[in-house]
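> The following file, start09.cif, comprises mmCIF, C-alpha atoms and all ligand atoms:
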```cif
data_input
#
loop_
_atom_site.label_atom_id
_atom_site.label_comp_id
_atom_site.auth_asym_id
_atom_site.auth_seq_id
_atom_site.Cartn_x
_atom_site.Cartn_y
_atom_site.Cartn_z
CA MET A 67 72.40 147.66 58.73
CA SER A 68 72.36 144.11 60.11
CA ASP A 69 72.78 141.11 57.77
CA LYS A 70 69.16 140.10 58.51
CA ASN A 71 67.85 143.42 57.19
CA LYS A 72 70.05 143.32 54.11
CA GLY A 73 68.50 140.01 52.94
CA LEU A 74 65.05 141.57 52.62
CA ILE A 75 66.22 144.27 50.24
CA HIS A 76 67.63 142.20 47.45
CA GLY A 77 67.55 141.51 43.74
CA ARG A 78 66.07 144.02 41.33
CA ILE A 79 64.73 147.25 42.84
CA LEU A 80 62.44 149.80 41.19
CA VAL A 81 62.59 153.36 42.53
CA THR A 82 59.81 155.60 41.21
CA GLY A 83 60.89 159.23 41.49
CA GLY A 84 64.46 158.04 41.99
CA THR A 85 66.04 161.25 40.63
CA GLY A 86 64.69 163.37 43.52
CA SER A 87 66.30 164.18 46.87
CA TRP A 88 65.21 161.00 48.66
CA GLY A 89 65.95 158.98 45.52
CA HIS A 90 69.59 160.11 45.47
CA GLU A 91 70.20 158.99 49.04
CA LEU A 92 68.10 155.83 48.64
CA CYS A 93 70.12 154.75 45.57
CA THR A 94 73.39 155.56 47.38
CA GLN A 95 72.41 153.29 50.28
CA LEU A 96 70.97 150.57 48.00
CA LEU A 97 74.30 150.36 46.18
CA GLU A 98 75.94 149.59 49.55
CA ILE A 99 73.89 146.36 49.71
CA THR A 100 75.63 143.62 47.73
CA GLU A 101 72.41 141.58 47.42
CA VAL A 102 70.93 144.37 45.28
CA THR A 103 71.68 143.34 41.71
CA GLU A 104 69.98 146.16 39.79
CA ILE A 105 68.31 149.50 40.58
CA ILE A 106 65.85 150.84 38.05
CA VAL A 107 65.14 154.55 38.42
CA LEU A 108 61.84 155.62 36.86
CA SER A 109 61.02 159.31 36.39
CA ARG A 110 60.01 161.77 33.63
CA ASN A 111 62.84 164.27 33.15
CA GLU A 112 65.69 162.99 30.98
CA HIS A 113 68.10 165.73 32.02
CA LYS A 114 67.88 164.79 35.72
CA GLN A 115 68.41 161.14 34.73
CA VAL A 116 71.49 161.90 32.61
CA GLU A 117 73.01 163.93 35.45
CA MET A 118 72.35 161.20 37.98
CA GLU A 119 73.64 158.47 35.67
CA ARG A 120 76.91 160.40 35.26
CA GLU A 121 77.17 161.12 38.97
CA PHE A 122 76.59 157.50 40.09
CA ASN A 123 78.38 155.85 37.15
CA SER A 124 77.23 152.38 38.26
CA LYS A 125 76.65 149.32 36.08
CA ARG A 126 74.04 148.21 38.62
CA MET A 127 71.79 151.18 37.78
CA ARG A 128 69.39 151.62 34.87
CA PHE A 129 67.37 154.74 34.09
CA VAL A 130 63.91 154.52 32.55
CA ILE A 131 61.77 157.42 31.38
CA GLY A 132 58.27 156.78 32.68
CA ASP A 133 55.31 158.36 34.37
CA VAL A 134 53.47 156.73 37.27
CA ARG A 135 50.25 157.98 35.68
CA ASP A 136 50.92 155.63 32.73
CA LYS A 137 50.04 152.12 33.91
CA ASP A 138 51.39 150.31 30.83
CA SER A 139 54.90 151.71 31.09
CA LEU A 140 54.86 151.15 34.85
CA LEU A 141 53.90 147.50 34.38
CA ASP A 142 56.76 147.02 31.89
CA SER A 143 59.22 148.41 34.44
CA MET A 144 57.89 146.13 37.21
CA SER A 145 58.60 142.90 35.37
CA GLY A 146 60.98 140.77 37.47
CA ILE A 147 61.23 143.40 40.24
CA ASN A 148 61.62 142.24 43.85
CA VAL A 149 61.16 145.52 45.74
CA VAL A 150 59.49 148.82 44.78
CA PHE A 151 60.23 152.09 46.57
CA HIS A 152 57.49 154.52 45.55
CA LEU A 153 58.83 158.06 45.86
CA ALA A 154 57.37 159.78 42.78
CA ALA A 155 55.13 162.66 43.81
CA LEU A 156 54.29 166.28 43.33
CA LYS A 157 55.25 167.71 46.72
CA HIS A 158 55.73 171.49 46.73
CA VAL A 159 52.74 172.73 48.75
CA PRO A 160 52.14 176.00 46.82
CA VAL A 161 52.62 174.27 43.43
CA CYS A 162 50.20 171.52 44.44
CA GLU A 163 47.66 174.11 45.62
CA ARG A 164 47.79 175.81 42.21
CA ASN A 165 47.67 172.50 40.29
CA SER A 166 45.18 170.49 42.29
CA TRP A 167 44.10 168.02 39.63
CA GLN A 168 47.69 167.38 38.48
CA THR A 169 48.49 166.55 42.10
CA VAL A 170 45.58 164.10 42.26
CA GLU A 171 46.74 162.46 39.01
CA THR A 172 50.32 161.91 40.20
CA ASN A 173 49.87 161.30 43.92
CA ILE A 174 46.60 159.33 43.89
CA ILE A 175 46.18 157.78 40.42
CA GLY A 176 49.95 157.23 40.20
CA THR A 177 50.00 155.44 43.56
CA HIS A 178 46.97 153.32 42.61
CA ASN A 179 48.83 152.31 39.42
CA VAL A 180 51.89 151.34 41.47
CA VAL A 181 49.72 149.13 43.70
CA MET A 182 47.93 147.39 40.83
CA CYS A 183 51.07 146.84 38.72
CA ALA A 184 53.05 145.52 41.71
CA MET A 185 50.40 142.87 42.35
CA GLU A 186 50.25 141.92 38.70
CA ALA A 187 54.05 141.66 38.49
CA LYS A 188 54.17 139.72 41.80
CA VAL A 189 56.58 142.17 43.42
CA GLU A 190 57.56 141.03 46.94
CA ILE A 191 57.23 144.36 48.74
CA VAL A 192 56.12 147.90 47.91
CA VAL A 193 57.27 150.74 50.17
CA ASP A 194 55.35 154.01 49.88
CA VAL A 195 57.15 157.06 51.27
CA SER A 196 54.69 159.42 52.93
CA THR A 197 54.75 162.60 54.93
CA ASP A 198 53.50 164.30 58.10
CA LYS A 199 51.46 166.54 55.78
CA ALA A 200 49.20 163.51 55.14
CA VAL A 201 48.03 163.61 58.77
CA GLU A 202 45.00 165.83 59.39
CA PRO A 203 45.83 167.40 56.02
CA HIS A 204 45.38 171.11 55.34
CA ASN A 205 46.43 171.19 51.69
CA ILE A 206 45.98 169.19 48.50
CA TYR A 207 49.49 167.73 48.79
CA GLY A 208 48.66 166.28 52.22
CA ILE A 209 45.19 165.12 51.14
CA THR A 210 46.57 163.26 48.11
CA LYS A 211 49.40 161.70 50.13
CA ALA A 212 46.81 160.56 52.73
CA CYS A 213 44.80 158.91 49.93
CA GLY A 214 48.04 157.33 48.66
CA GLU A 215 48.72 155.88 52.12
CA LYS A 216 45.22 154.40 52.28
CA LEU A 217 45.47 152.92 48.78
CA VAL A 218 48.74 151.24 49.76
CA THR A 219 47.79 149.92 53.23
CA ASN A 220 44.23 148.92 52.22
CA ALA A 221 45.60 146.89 49.30
CA GLN A 222 46.97 144.38 51.83
CA HIS A 223 43.46 143.48 52.94
CA ASN A 224 41.40 144.28 49.85
CA TYR A 225 43.20 141.85 47.55
CA ASP A 226 44.38 138.28 47.84
CA THR A 227 48.01 139.08 47.11
CA SER A 228 51.49 137.81 47.85
CA THR A 229 52.82 141.39 47.67
CA LYS A 230 53.49 143.17 50.97
CA PHE A 231 52.46 146.84 51.08
CA VAL A 232 54.03 149.21 53.59
CA CYS A 233 53.98 152.96 54.21
CA VAL A 234 56.80 154.86 55.87
CA ARG A 235 55.82 158.32 57.10
CA GLY A 236 58.40 160.98 57.88
CA GLY A 237 58.64 164.72 58.43
CA ASN A 238 60.97 167.19 56.73
CA VAL A 239 64.28 165.93 55.58
CA MET A 240 67.18 168.40 55.61
CA GLY A 241 68.16 170.00 52.36
CA THR A 242 65.71 168.15 50.10
CA ASN A 243 64.33 169.96 47.02
CA GLY A 244 62.13 172.77 48.29
CA SER A 245 63.44 172.63 51.85
CA VAL A 246 63.80 175.97 53.60
CA LEU A 247 67.39 175.32 54.69
CA PRO A 248 69.19 175.80 51.33
CA LEU A 249 66.90 178.81 50.76
CA PHE A 250 67.98 180.36 54.09
CA LYS A 251 71.63 179.78 53.19
CA LYS A 252 71.18 181.47 49.80
CA GLN A 253 69.20 184.40 51.25
CA ILE A 254 71.87 185.06 53.89
CA GLN A 255 74.73 184.82 51.39
CA THR A 256 73.11 187.00 48.73
CA LEU A 257 70.93 189.48 50.70
CA ASN A 258 72.18 189.09 54.28
CA ARG A 259 68.59 188.61 55.37
CA LEU A 260 66.21 185.68 55.52
CA THR A 261 62.43 185.41 55.31
CA VAL A 262 60.62 183.44 57.99
CA THR A 263 56.94 182.58 57.63
CA ASP A 264 56.16 182.29 61.36
CA PRO A 265 58.94 182.13 63.98
CA GLY A 266 56.76 180.03 66.32
CA MET A 267 56.13 177.36 63.69
CA THR A 268 57.65 173.98 64.51
CA ARG A 269 58.84 171.33 62.06
CA PHE A 270 60.08 167.77 62.33
CA LEU A 271 63.60 167.50 60.95
CA MET A 272 65.99 164.68 60.13
CA SER A 273 68.97 164.03 57.86
CA THR A 274 68.26 162.24 54.57
CA ARG A 275 70.76 159.51 55.42
CA GLU A 276 68.99 158.68 58.68
CA ALA A 277 65.55 158.78 57.04
CA ILE A 278 66.56 156.21 54.41
CA HIS A 279 68.17 154.03 57.06
CA LEU A 280 64.85 154.01 58.93
CA ILE A 281 63.00 152.96 55.78
CA PHE A 282 65.27 149.92 55.50
CA GLU A 283 64.71 149.04 59.16
CA ALA A 284 60.94 149.28 58.73
CA VAL A 285 61.02 147.03 55.68
CA SER A 286 62.86 144.39 57.68
CA ILE A 287 59.99 143.86 60.14
CA ALA A 288 56.94 144.73 58.03
CA GLN A 289 54.15 142.15 57.91
CA GLY A 290 52.34 144.21 55.24
CA GLY A 291 49.62 146.85 55.69
CA GLU A 292 51.35 148.88 58.43
CA THR A 293 52.41 152.52 58.48
CA PHE A 294 55.83 153.04 60.04
CA VAL A 295 56.34 156.49 61.53
CA MET A 296 59.81 157.90 62.09
CA ARG A 297 60.42 159.15 65.64
CA MET A 298 61.75 162.51 64.60
CA GLN A 299 62.84 165.44 66.71
CA SER A 300 61.41 168.87 65.99
CA ILE A 301 62.64 172.43 66.00
CA GLU A 302 61.10 175.94 65.99
CA VAL A 303 61.55 177.83 62.73
CA ALA A 304 63.00 180.77 64.71
CA ARG A 305 65.75 178.48 66.05
CA ILE A 306 66.51 177.18 62.56
CA ALA A 307 66.87 180.80 61.41
CA GLU A 308 69.16 181.66 64.36
CA ALA A 309 71.36 178.60 63.78
CA MET A 310 71.61 179.36 60.05
CA ILE A 311 72.62 182.96 60.85
CA ALA A 312 75.22 181.66 63.31
CA LYS A 313 76.66 179.47 60.54
CA TYR A 314 76.39 181.71 57.48
CA GLY A 315 75.56 185.24 58.61
CA ASP A 316 76.86 187.97 60.87
CA GLU A 317 75.52 190.50 63.37
CA LYS A 318 73.93 192.48 60.51
CA THR A 319 71.82 189.57 59.16
CA ARG A 320 68.11 190.45 59.44
CA ILE A 321 65.08 188.17 59.87
CA GLU A 322 61.94 189.27 58.01
CA VAL A 323 58.64 187.69 59.09
CA ILE A 324 56.34 187.22 56.07
CA GLY A 325 53.47 185.11 57.48
CA ALA A 326 52.38 181.54 56.74
CA ARG A 327 51.67 180.52 53.13
CA PRO A 328 48.29 179.10 52.10
CA GLY A 329 47.95 175.48 53.23
CA GLU A 330 50.73 175.70 55.85
CA LYS A 331 50.13 174.54 59.43
CA LYS A 332 51.74 176.02 62.52
CA HIS A 333 52.64 172.55 63.83
CA GLU A 334 52.83 169.27 61.91
CA VAL A 335 51.47 165.95 63.17
CA LEU A 336 53.09 162.57 62.50
CA ILE A 337 50.52 160.48 64.41
CA SER A 338 46.98 161.77 64.91
CA ARG A 339 44.83 161.20 67.99
CA SER A 340 42.59 158.83 66.03
CA GLU A 341 45.59 156.67 65.06
CA ILE A 342 46.95 156.43 68.61
CA PRO A 343 44.77 153.42 69.66
CA HIS A 344 46.47 151.35 66.92
CA THR A 345 50.00 152.68 67.37
CA TYR A 346 52.75 150.49 68.82
CA GLU A 347 56.20 151.43 70.05
CA LEU A 348 58.56 148.77 68.76
CA SER A 349 61.85 150.58 68.68
CA ASP A 350 63.18 153.93 69.83
CA ARG A 351 63.47 154.85 66.15
CA TYR A 352 59.90 154.41 64.89
CA PHE A 353 56.25 153.78 65.74
CA VAL A 354 54.06 151.26 63.90
CA ILE A 355 50.41 151.99 63.13
CA ILE A 356 48.61 148.74 62.41
CA PRO A 357 45.37 148.52 60.41
CA GLU A 358 42.08 148.20 62.26
CA ILE A 359 41.29 144.95 60.45
CA GLY A 360 43.14 141.65 60.22
CA ARG A 361 44.91 142.13 63.55
CA GLU A 362 46.08 138.51 63.68
CA ARG A 363 48.55 139.31 60.89
CA TYR A 364 50.28 141.78 63.24
CA ALA A 365 50.66 139.40 66.21
CA PRO A 366 54.50 139.71 66.19
CA ILE A 367 54.28 143.52 66.42
CA ILE A 368 51.55 143.44 69.08
CA LYS A 369 53.57 140.87 71.07
CA GLN A 370 56.95 142.60 70.86
CA GLY A 371 55.79 146.21 71.00
CA LYS A 372 53.73 148.22 73.45
CA LEU A 373 50.76 150.44 72.76
CA THR A 374 51.95 154.02 72.82
CA GLU A 375 50.89 156.21 75.73
CA LEU A 376 51.22 159.42 73.70
CA GLN A 377 48.06 161.42 72.97
CA GLU A 378 49.38 162.39 69.53
CA PHE A 379 52.83 162.83 68.03
CA SER A 380 53.21 166.39 66.81
CA SER A 381 56.10 168.75 66.13
CA GLN A 382 54.84 170.73 69.15
CA ASN A 383 55.22 167.85 71.65
CA ALA A 384 58.09 165.91 70.02
CA PRO A 385 61.56 165.90 71.58
CA THR A 386 63.43 169.06 70.62
CA LEU A 387 66.34 168.99 68.22
CA SER A 388 69.08 170.94 69.99
CA ASN A 389 70.98 173.71 68.19
CA GLU A 390 74.17 171.63 68.48
CA ALA A 391 72.51 168.51 66.99
CA PHE A 392 70.94 170.63 64.25
CA LEU A 393 74.27 172.21 63.31
CA SER A 394 76.05 168.86 63.45
CA GLN A 395 73.44 167.25 61.12
CA LEU A 396 73.66 170.30 58.88
CA GLY A 397 77.43 169.92 58.70
CA ALA A 398 77.01 166.41 57.28
CA GLU A 399 74.84 167.64 54.37
CA ALA A 400 76.70 167.93 51.07
CA TRP A 401 75.02 171.24 50.10
CA ALA A 402 75.61 172.97 53.46
N1 LIG B 501 61.37 166.05 51.09
C1 LIG B 501 60.87 165.76 52.26
O1 LIG B 501 61.22 166.38 53.25
C2 LIG B 501 59.85 164.66 52.39
C3 LIG B 501 59.34 164.34 53.67
C4 LIG B 501 58.44 163.29 53.78
C5 LIG B 501 58.06 162.57 52.67
N2 LIG B 501 58.53 162.90 51.44
C6 LIG B 501 58.08 162.11 50.28
O2 LIG B 501 59.23 161.51 49.72
C7 LIG B 501 59.05 161.36 48.31
C8 LIG B 501 60.25 161.94 47.59
O3 LIG B 501 60.41 163.31 47.96
P1 LIG B 501 61.63 164.17 47.43
O4 LIG B 501 61.88 165.22 48.44
O5 LIG B 501 62.73 163.28 47.00
O6 LIG B 501 60.94 164.85 46.14
P2 LIG B 501 61.62 165.45 44.81
O7 LIG B 501 63.05 165.76 45.07
O8 LIG B 501 60.72 166.51 44.32
O9 LIG B 501 61.56 164.22 43.81
C9 LIG B 501 60.36 163.78 43.23
C10 LIG B 501 60.68 162.71 42.23
O10 LIG B 501 59.47 162.24 41.63
C11 LIG B 501 59.60 162.27 40.20
N3 LIG B 501 58.26 162.41 39.65
C12 LIG B 501 57.38 163.43 39.81
N4 LIG B 501 56.24 163.17 39.14
C13 LIG B 501 56.41 161.95 38.56
C14 LIG B 501 55.58 161.13 37.75
N5 LIG B 501 54.35 161.52 37.39
N6 LIG B 501 56.06 159.93 37.34
C15 LIG B 501 57.31 159.54 37.67
N7 LIG B 501 58.13 160.27 38.44
C16 LIG B 501 57.68 161.47 38.88
C17 LIG B 501 60.55 163.44 39.94
O11 LIG B 501 61.22 163.35 38.70
P3 LIG B 501 60.58 163.96 37.34
O12 LIG B 501 60.03 165.29 37.68
O13 LIG B 501 61.72 163.98 36.38
O14 LIG B 501 59.53 162.99 36.92
C18 LIG B 501 61.57 163.18 41.07
O15 LIG B 501 62.43 162.13 40.71
C19 LIG B 501 57.73 162.05 47.96
O16 LIG B 501 56.75 161.06 47.81
C20 LIG B 501 57.44 162.92 49.17
O17 LIG B 501 56.05 163.07 49.37
C21 LIG B 501 59.42 163.92 51.27
#
```
Please express what this file holds, its structure, as structure tokens.
Ligand SMILES: NC(=O)c1ccc[n+]([C@@H]2O[C@H](COP(=O)([O-])OP(=O)(O)OC[C@H]3O[C@@H](n4cnc5c(N)ncnc54)[C@H](OP(=O)(O)O)[C@@H]3O)[C@@H](O)[C@H]2O)c1

Amino acid sequence: MSDKNKGLIHGRILVTGGTGSWGHELCTQLLEITEVTEIIVLSRNEHKQVEMEREFNSKRMRFVIGDVRDKDSLLDSMSGINVVFHLAALKHVPVCERNSWQTVETNIIGTHNVVMCAMEAKVEIVVDVSTDKAVEPHNIYGITKACGEKLVTNAQHNYDTSTKFVCVRGGNVMGTNGSVLPLFKKQIQTLNRLTVTDPGMTRFLMSTREAIHLIFEAVSIAQGGETFVMRMQSIEVARIAEAMIAKYGDEKTRIEVIGARPGEKKHEVLISRSEIPHTYELSDRYFVIIPEIGRERYAPIIKQGKLTELQEFSSQNAPTLSNEAFLSQLGAEAWA
């Protein structure tokens, strides 16, 4: 990261949901920034916190039991915070489908609480991590993440606030909790077969390290109110299965097709057709969707970037992740 970018992520950082997959990598990269004086990880499960505290063993980290649904405890944790990374969410599609209201409470009410507390505590910038599943959503996880995005980006214009609010939207990140890749590895090693929902399905895919790096880059140019979209490559599920068999299996490994699960789409979308008229290409690493109101605030982005000529950005039309690139990214994952 350049020195300019480092300066923007400084001081005391609050990471909601910091014990999860993204949280681990985010905290690792935050600790590489000397201007970061303290990282406060807020989540509910004490066991995950104890494990992470032992693993990181850093005097610059503090672990706080809290729930984003509880505004009072959230406000306490925001006191004196410079930057908030909001990661806490319920995110497993089938679990969210079965627990719809719980998903609303965490992903919508929780995000609203983060917005309101950040303004009250005069936090400098809030970064909300969102997902391709929030675009043209088919399931309650995506619907609640879409509401979360709107709560965050609208806050910039709905309130007279010094806090900057930014969303960063990405697709699947390799090996995160619930990802299909560790499951494929386990299925091959224990059963010598793997279950594929739909071989023709396509998914965006990126390494966790790269995804976090992109979040930092986005923060460095955010004016507040934008949604930054990672320019991810995509891959067919059948090719993921083949590459995983090449790495872990043998000629006897079987693929069993089990059909899509409720709420799953064949192809994911990172930028919808309706967002395209407000989407700028500013870097070969991300797109920026600017709000439809208050355009003068985004003059630097409009001036430096160019309106995208894409019709939409979906896992069907995105650049393809080659087998070699996939296997090389996989090789860099600690679990692989
Ligand atoms: N994984 C991906 O591929 C992907 C892609 C795009 C976007 N995202 C987004 O990135 C974020 C992080 O995802 P992840 O993969 O790291 O998820 P994860 O591994 O499941 O971690 C979720 C984190 O949120 C915490 N949490 C859940 N409910 C909470 C609550 N009510 N209050 C406080 N903390 C709570 C969990 O800890 P406790 O359970 O102990 O509270 C955990 O630390 C999510 O917002 C997700 O939507 C993920």
> Do you know which residues are within 6 Å of ligand LIG 501 (chain B) using only C-alpha atoms and all ligand atoms? Can you write them as a PyMOL selection string?
chain A and resi 82-89+109-111+132-135+153-157+172+195-197+236-239+242-243
> Residues at most 10 Å from Ser340 of chain A, counting only C-alpha atoms, excluding those fewer than 3 positions away in the same chain, as a list of chain:residue names?
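Those residues are A:Glu202, A:Ile337, A:Pro343, A:His344, A:Thr345, A:Gln377, A:Glu378.
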> Could you tell me how far atom CA of His333 of chain A lies from atom CA of Val295 of chain A, in Å and to one decimal?
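Atom CA of His333 of chain A sits 16.6 Å away from atom CA of Val295 of chain A.
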> Report the distance between atom CA of Ile321 of chain A and atom CA of Glu308 of chain A in Å, rounded to one decimal place.
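Distance between the two atoms: 8.9 Å.
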> From the list A:Gly214, A:Gly371, A:Pro328, A:Pro248, which residue is nearest Phe353 of chain A when using only C-alpha atoms?
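That would be A:Gly371, the residue with the smallest distance to Phe353 of chain A.
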> With distances taken over only C-alpha atoms, which residue among A:Gly244, A:Pro385, A:Gly360, A:Gly397 lies nearest Met310 of chain A?
A:Gly397
> Give the padded box for segment 242-245 of chain A as AutoDock Vina command-line options: axis-aligned, covering all atoms listed in the file, 5 Å on each side, centre and edge lengths in Å to one decimal.

```
--center_x 63.9 --center_y 170.5 --center_z 49.4 --size_x 13.6 --size_y 14.6 --size_z 14.8
```
> Tell me which protein, DNA and RNA residues are within 8 Å of Val189 of chain A, counting only C-alpha atoms, leaving out same-chain ones fewer than 6 positions away, and put them as a compact mmCIF listing (two decimals) with C-alpha atoms, in the frame of the given file.

```txt
# COMPACT_ATOMS: atom_id res chain seq x y z
CA MET A 144 57.89 146.13 37.21
CA GLY A 146 60.98 140.77 37.47
CA ILE A 147 61.23 143.40 40.24
CA ASN A 148 61.62 142.24 43.85
CA VAL A 149 61.16 145.52 45.74
CA VAL A 150 59.49 148.82 44.78
CA THR A 229 52.82 141.39 47.67
```
> What does the distance from atom CA of Glu171 of chain A to atom CA of Ile206 of chain A come to in Å, to one decimal?
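Pair atom CA of Glu171 of chain A / atom CA of Ile206 of chain A returns 11.7 Å.
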> For each of A:Glu276, A:Asp264, A:Glu322, A:Glu341, take the minimum atom-to-atom distance to Gln395 of chain A, counting only C-alpha atoms, then give the residue where this is smallest.
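Of A:Glu276, A:Asp264, A:Glu322, A:Glu341, the one nearest Gln395 of chain A is A:Glu276, counting only C-alpha atoms.
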> Within 9 Å of Phe231 of chain A, counting all atoms listed in the file, which residues show up once you throw out same-chain ones fewer than 4 positions away? Write them as a ChimeraX atom specification, please.
/A:181,190-194,218-222,288-292
> Which protein, DNA or RNA residues are at most 12 Å from (76.3, 169.7, 54.0) in the file's coordinates when you count only C-alpha atoms, listed as a PyMOL selection string?
chain A and resi 240-242+247-248+251+273-275+313+392-402
